[in-house]
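To start, the structure itself, in structure tokens.
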Amino acid sequence: MKSFRVSVHIVPRKGLLDPQGKAVADALHTLGFGAVGDVHVGRHLVIETAAADAAAAETSVREMCARLLANPVTEDYEIAGVIAV
Amino acid sequence: MKFGIVSFPGSNCDDDAVFAATETLGQPGVKLWHKSHDLEGCDVIVLPGGFSYGDYLRAGAIARFSPIMREVAVHANRGGPVIGICNGFQIACEAGMLPGALMRNAGLQFLSMPVTIRVENTDTRWTALCHEGQRLTMPIAHGEGRYTVDAATLERVEGEGLVVFRYVDAKGEPTEAANVNGSLDNIAGVRNASGNVVGLMPHPERALDPLLGSADGRVLFESVLAAVHA
């Protein structure tokens, strides 16, 4: 078994009202960043886990997302990176 | 009839729910620690309001894995009455006992205020003594109460009469202004298919006495008492 550091992005599902993201977008517009379109505020998790290889570490974290880390009704997730440590 | 109120770390409405059982209904009511595996013979389970586990990760997400939730699921699956109030509603949704999820209020603010809700469905253990269209006034106190569900499930929830309460105005209409947290279809509470599990964001256990502004919450507890005695 090796050690891996897996990063996950969890964001509100596309199409759902994201008032926090909208508030941030409005603030950016006020600051003059007129080019900003939609903003979405989510969570970034870094999970250190033991696994046989990188693919197994990613599979394991995907299962964690499905069972706990992301709400299947309201959130989407993506694995942002798997690094051996 | 014995009431069991589950105390999670961070629950803060468990004492109010015990009061509802013991003082309002005159029934035995005990707190059940979340790490317990024993419902202690309780006939009715209350998942109370609060901030279980500090709302870490998502409201209710971690509490649903507390040891006692396995026993609560067994109780619910055999038809035992369960009510999830506020954080308890969030926990019941996270646990898959009720459809949908509760998201950040549309206006981003924590809302602590009385609201009017309309009873949409009386075919539950918790609204059996209500009549359809009855208006109830109760307080809300939440930051994450915007009821959300995917389109297909919403169709089922509406089609099968699983909506129990809607936010309405003084005339009983589900207007946009009355929908304080931006919930889909003004939904304030839902039930499971068999009607023994109900969840809602407003607090019936804080509306038990006219001295506190409203006694409209009593009918939910009286309903479950009547249902179990029937």
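Ordering of the structure tokens sets the chain letters (A, B, ...), residue numbers begin anew at 1 in every chain, and ligands are numbered from 1 in the order given.
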
Restrict the distance test to only C-alpha atoms, flag each residue of chain A within 8 Å of chain B, and return the flagged residues as a list in words.
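Those within range of chain B come out as Leu17, Asp18, Pro19, Gln20, Leu68, Leu69, Asn71, Val73 and Thr74 of chain A.
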
Export N, CA and C atoms of the chosen residues as an mmCIF file, in the first residue's frame?
data_model
loop_
_atom_site.group_PDB
_atom_site.id
_atom_site.type_symbol
_atom_site.label_atom_id
_atom_site.label_comp_id
_atom_site.auth_asym_id
_atom_site.auth_seq_id
_atom_site.Cartn_x
_atom_site.Cartn_y
_atom_site.Cartn_z
ATOM 1 N N LEU A 17 -30.270 27.069 -7.917
ATOM 2 C CA LEU A 17 -29.986 28.406 -7.417
ATOM 3 C C LEU A 17 -28.816 28.346 -6.434
ATOM 4 N N ASP A 18 -27.793 29.177 -6.680
ATOM 5 C CA ASP A 18 -26.612 29.202 -5.816
ATOM 6 C C ASP A 18 -26.461 30.637 -5.291
ATOM 7 N N PRO A 19 -27.218 30.983 -4.239
ATOM 8 C CA PRO A 19 -27.239 32.378 -3.784
ATOM 9 C C PRO A 19 -25.873 32.868 -3.327
ATOM 10 N N GLN A 20 -25.066 31.963 -2.768
ATOM 11 C CA GLN A 20 -23.743 32.364 -2.311
ATOM 12 C C GLN A 20 -22.870 32.742 -3.511
ATOM 13 N N LEU A 68 -20.892 10.119 1.364
ATOM 14 C CA LEU A 68 -20.875 11.124 2.428
ATOM 15 C C LEU A 68 -20.519 12.534 1.961
ATOM 16 N N LEU A 69 -19.461 12.654 1.173
ATOM 17 C CA LEU A 69 -18.871 13.980 0.978
ATOM 18 C C LEU A 69 -19.721 14.909 0.134
ATOM 19 N N ASN A 71 -23.736 15.697 -1.520
ATOM 20 C CA ASN A 71 -25.153 15.340 -1.447
ATOM 21 C C ASN A 71 -25.625 15.009 -2.859
ATOM 22 N N VAL A 73 -28.390 14.916 -4.176
ATOM 23 C CA VAL A 73 -29.525 15.714 -4.673
ATOM 24 C C VAL A 73 -29.066 17.084 -5.162
ATOM 25 N N THR A 74 -28.041 17.639 -4.514
ATOM 26 C CA THR A 74 -27.752 19.060 -4.746
ATOM 27 C C THR A 74 -26.335 19.357 -5.212
#

Among segment 1-90 of chain B, which residues does DSSP mark as strand (DSSP E or B) when it is run on the backbone? Keep the chain and numbering as in the structure and answer as a ChimeraX atom specification.
/B:3-7,11,29-33,44-47,50,82-85

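With atom CA of Phe221 of chain B on one side and atom CA of Ala20 of chain B on the other, the separation reads 7.4 Å.
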
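Residues with any atom within 10 Å of segment 46-58 of chain A, counting only C-alpha atoms and excluding same-chain neighbours fewer than 2 positions away, are Met1, Lys2, Ser3, Phe4, Arg5, Val6, Ser7, Val8, His9, His44, Ser60, Val61, Arg62, Glu63, Met64, Ile79, Ala80, Gly81, Val82, Ile83, Ala84 and Val85 of chain A.
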
Which residues come within 10 Å of Phe19 of chain B, counting only C-alpha atoms, excluding same-chain residues fewer than 6 positions away, as a PyMOL selection string?
chain B and resi 13+25-30+205-206+208

Please produce a file of those selected residues containing N, CA and C atoms, as a compact mmCIF listing (two decimals), in the first residue's frame.
# COMPACT_ATOMS: atom_id res chain seq x y z
N CYS B 13 -32.76 21.82 20.49
CA CYS B 13 -34.21 21.88 20.69
C CYS B 13 -34.72 20.59 21.32
N LEU B 25 -48.34 16.97 26.39
CA LEU B 25 -49.16 15.76 26.19
C LEU B 25 -49.30 14.93 27.46
N GLY B 26 -48.44 15.17 28.45
CA GLY B 26 -48.49 14.36 29.66
C GLY B 26 -48.05 12.91 29.45
N GLN B 27 -47.15 12.72 28.51
CA GLN B 27 -46.64 11.38 28.20
C GLN B 27 -45.17 11.29 28.63
N PRO B 28 -44.67 10.06 28.83
CA PRO B 28 -43.25 9.96 29.12
C PRO B 28 -42.39 10.38 27.93
N GLY B 29 -41.32 11.09 28.23
CA GLY B 29 -40.41 11.52 27.16
C GLY B 29 -38.99 11.45 27.67
N VAL B 30 -38.10 10.84 26.91
CA VAL B 30 -36.70 10.70 27.33
C VAL B 30 -35.79 11.15 26.20
N GLU B 205 -42.55 22.43 18.21
CA GLU B 205 -42.27 22.32 19.66
C GLU B 205 -41.98 23.67 20.29
N ARG B 206 -41.89 24.73 19.48
CA ARG B 206 -41.74 26.08 20.04
C ARG B 206 -43.06 26.85 19.92
N LEU B 208 -46.28 25.85 21.49
CA LEU B 208 -47.13 24.96 22.29
C LEU B 208 -48.03 25.73 23.24

Mind pulling up the distance from atom CA of Asp216 of chain B to atom CA of Val46 of chain B?
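One can read the atom CA of Val46 of chain B to atom CA of Asp216 of chain B distance as 17.8 Å.
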
I want to know what sits within 9 Å of Ala92 of chain B, based on only C-alpha atoms, with residues of the same chain fewer than 2 positions away left out; could you give that as a PyMOL selection string?
chain B and resi 47+60+64+83-84+87-90+94-99+197-199

Spatial neighbours of Ala215 of chain B, 10 Å, only C-alpha atoms, chain gap at least 2 places, as number ranges by chain:
B: 136-138, 204-213, 217-219

Give me a file of those residues, with C-alpha atoms, as a PDB file, in the first residue's frame.
ATOM      1  CA  LEU B 136     -50.633  27.062  11.358  1.00  0.00           C
ATOM      2  CA  THR B 137     -48.302  29.737  12.700  1.00  0.00           C
ATOM      3  CA  MET B 138     -44.939  28.591  14.023  1.00  0.00           C
ATOM      4  CA  PRO B 204     -43.997  22.954  16.298  1.00  0.00           C
ATOM      5  CA  GLU B 205     -42.266  22.316  19.655  1.00  0.00           C
ATOM      6  CA  ARG B 206     -41.745  26.077  20.035  1.00  0.00           C
ATOM      7  CA  ALA B 207     -45.431  26.783  19.437  1.00  0.00           C
ATOM      8  CA  LEU B 208     -47.134  24.960  22.290  1.00  0.00           C
ATOM      9  CA  ASP B 209     -48.548  27.807  24.337  1.00  0.00           C
ATOM     10  CA  PRO B 210     -50.262  31.120  23.478  1.00  0.00           C
ATOM     11  CA  LEU B 211     -47.837  32.744  25.922  1.00  0.00           C
ATOM     12  CA  LEU B 212     -45.074  32.031  23.382  1.00  0.00           C
ATOM     13  CA  GLY B 213     -47.050  33.536  20.529  1.00  0.00           C
ATOM     14  CA  GLY B 217     -47.714  23.258  17.102  1.00  0.00           C
ATOM     15  CA  ARG B 218     -49.748  21.208  19.575  1.00  0.00           C
ATOM     16  CA  VAL B 219     -51.890  19.600  16.883  1.00  0.00           C
TER      17      VAL B 219
END

Per-residue DSSP, chain A, filtered to alpha helix (DSSP H), as a list in words:
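So, restricting chain A to alpha helix (DSSP H), we get Pro19, Gln20, Gly21, Lys22, Ala23, Val24, Ala25, Asp26, Ala27, Leu28, His29, Thr30, Ala54, Ala55, Ala56, Ala57, Glu58, Thr59, Ser60, Val61, Arg62, Glu63 and Met64 of chain A.
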
Can you tell me how far atom CA of Lys171 of chain B sits from atom CA of Ile140 of chain B, in Å to one decimal?
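Between these atoms lies a distance of 19.2 Å.
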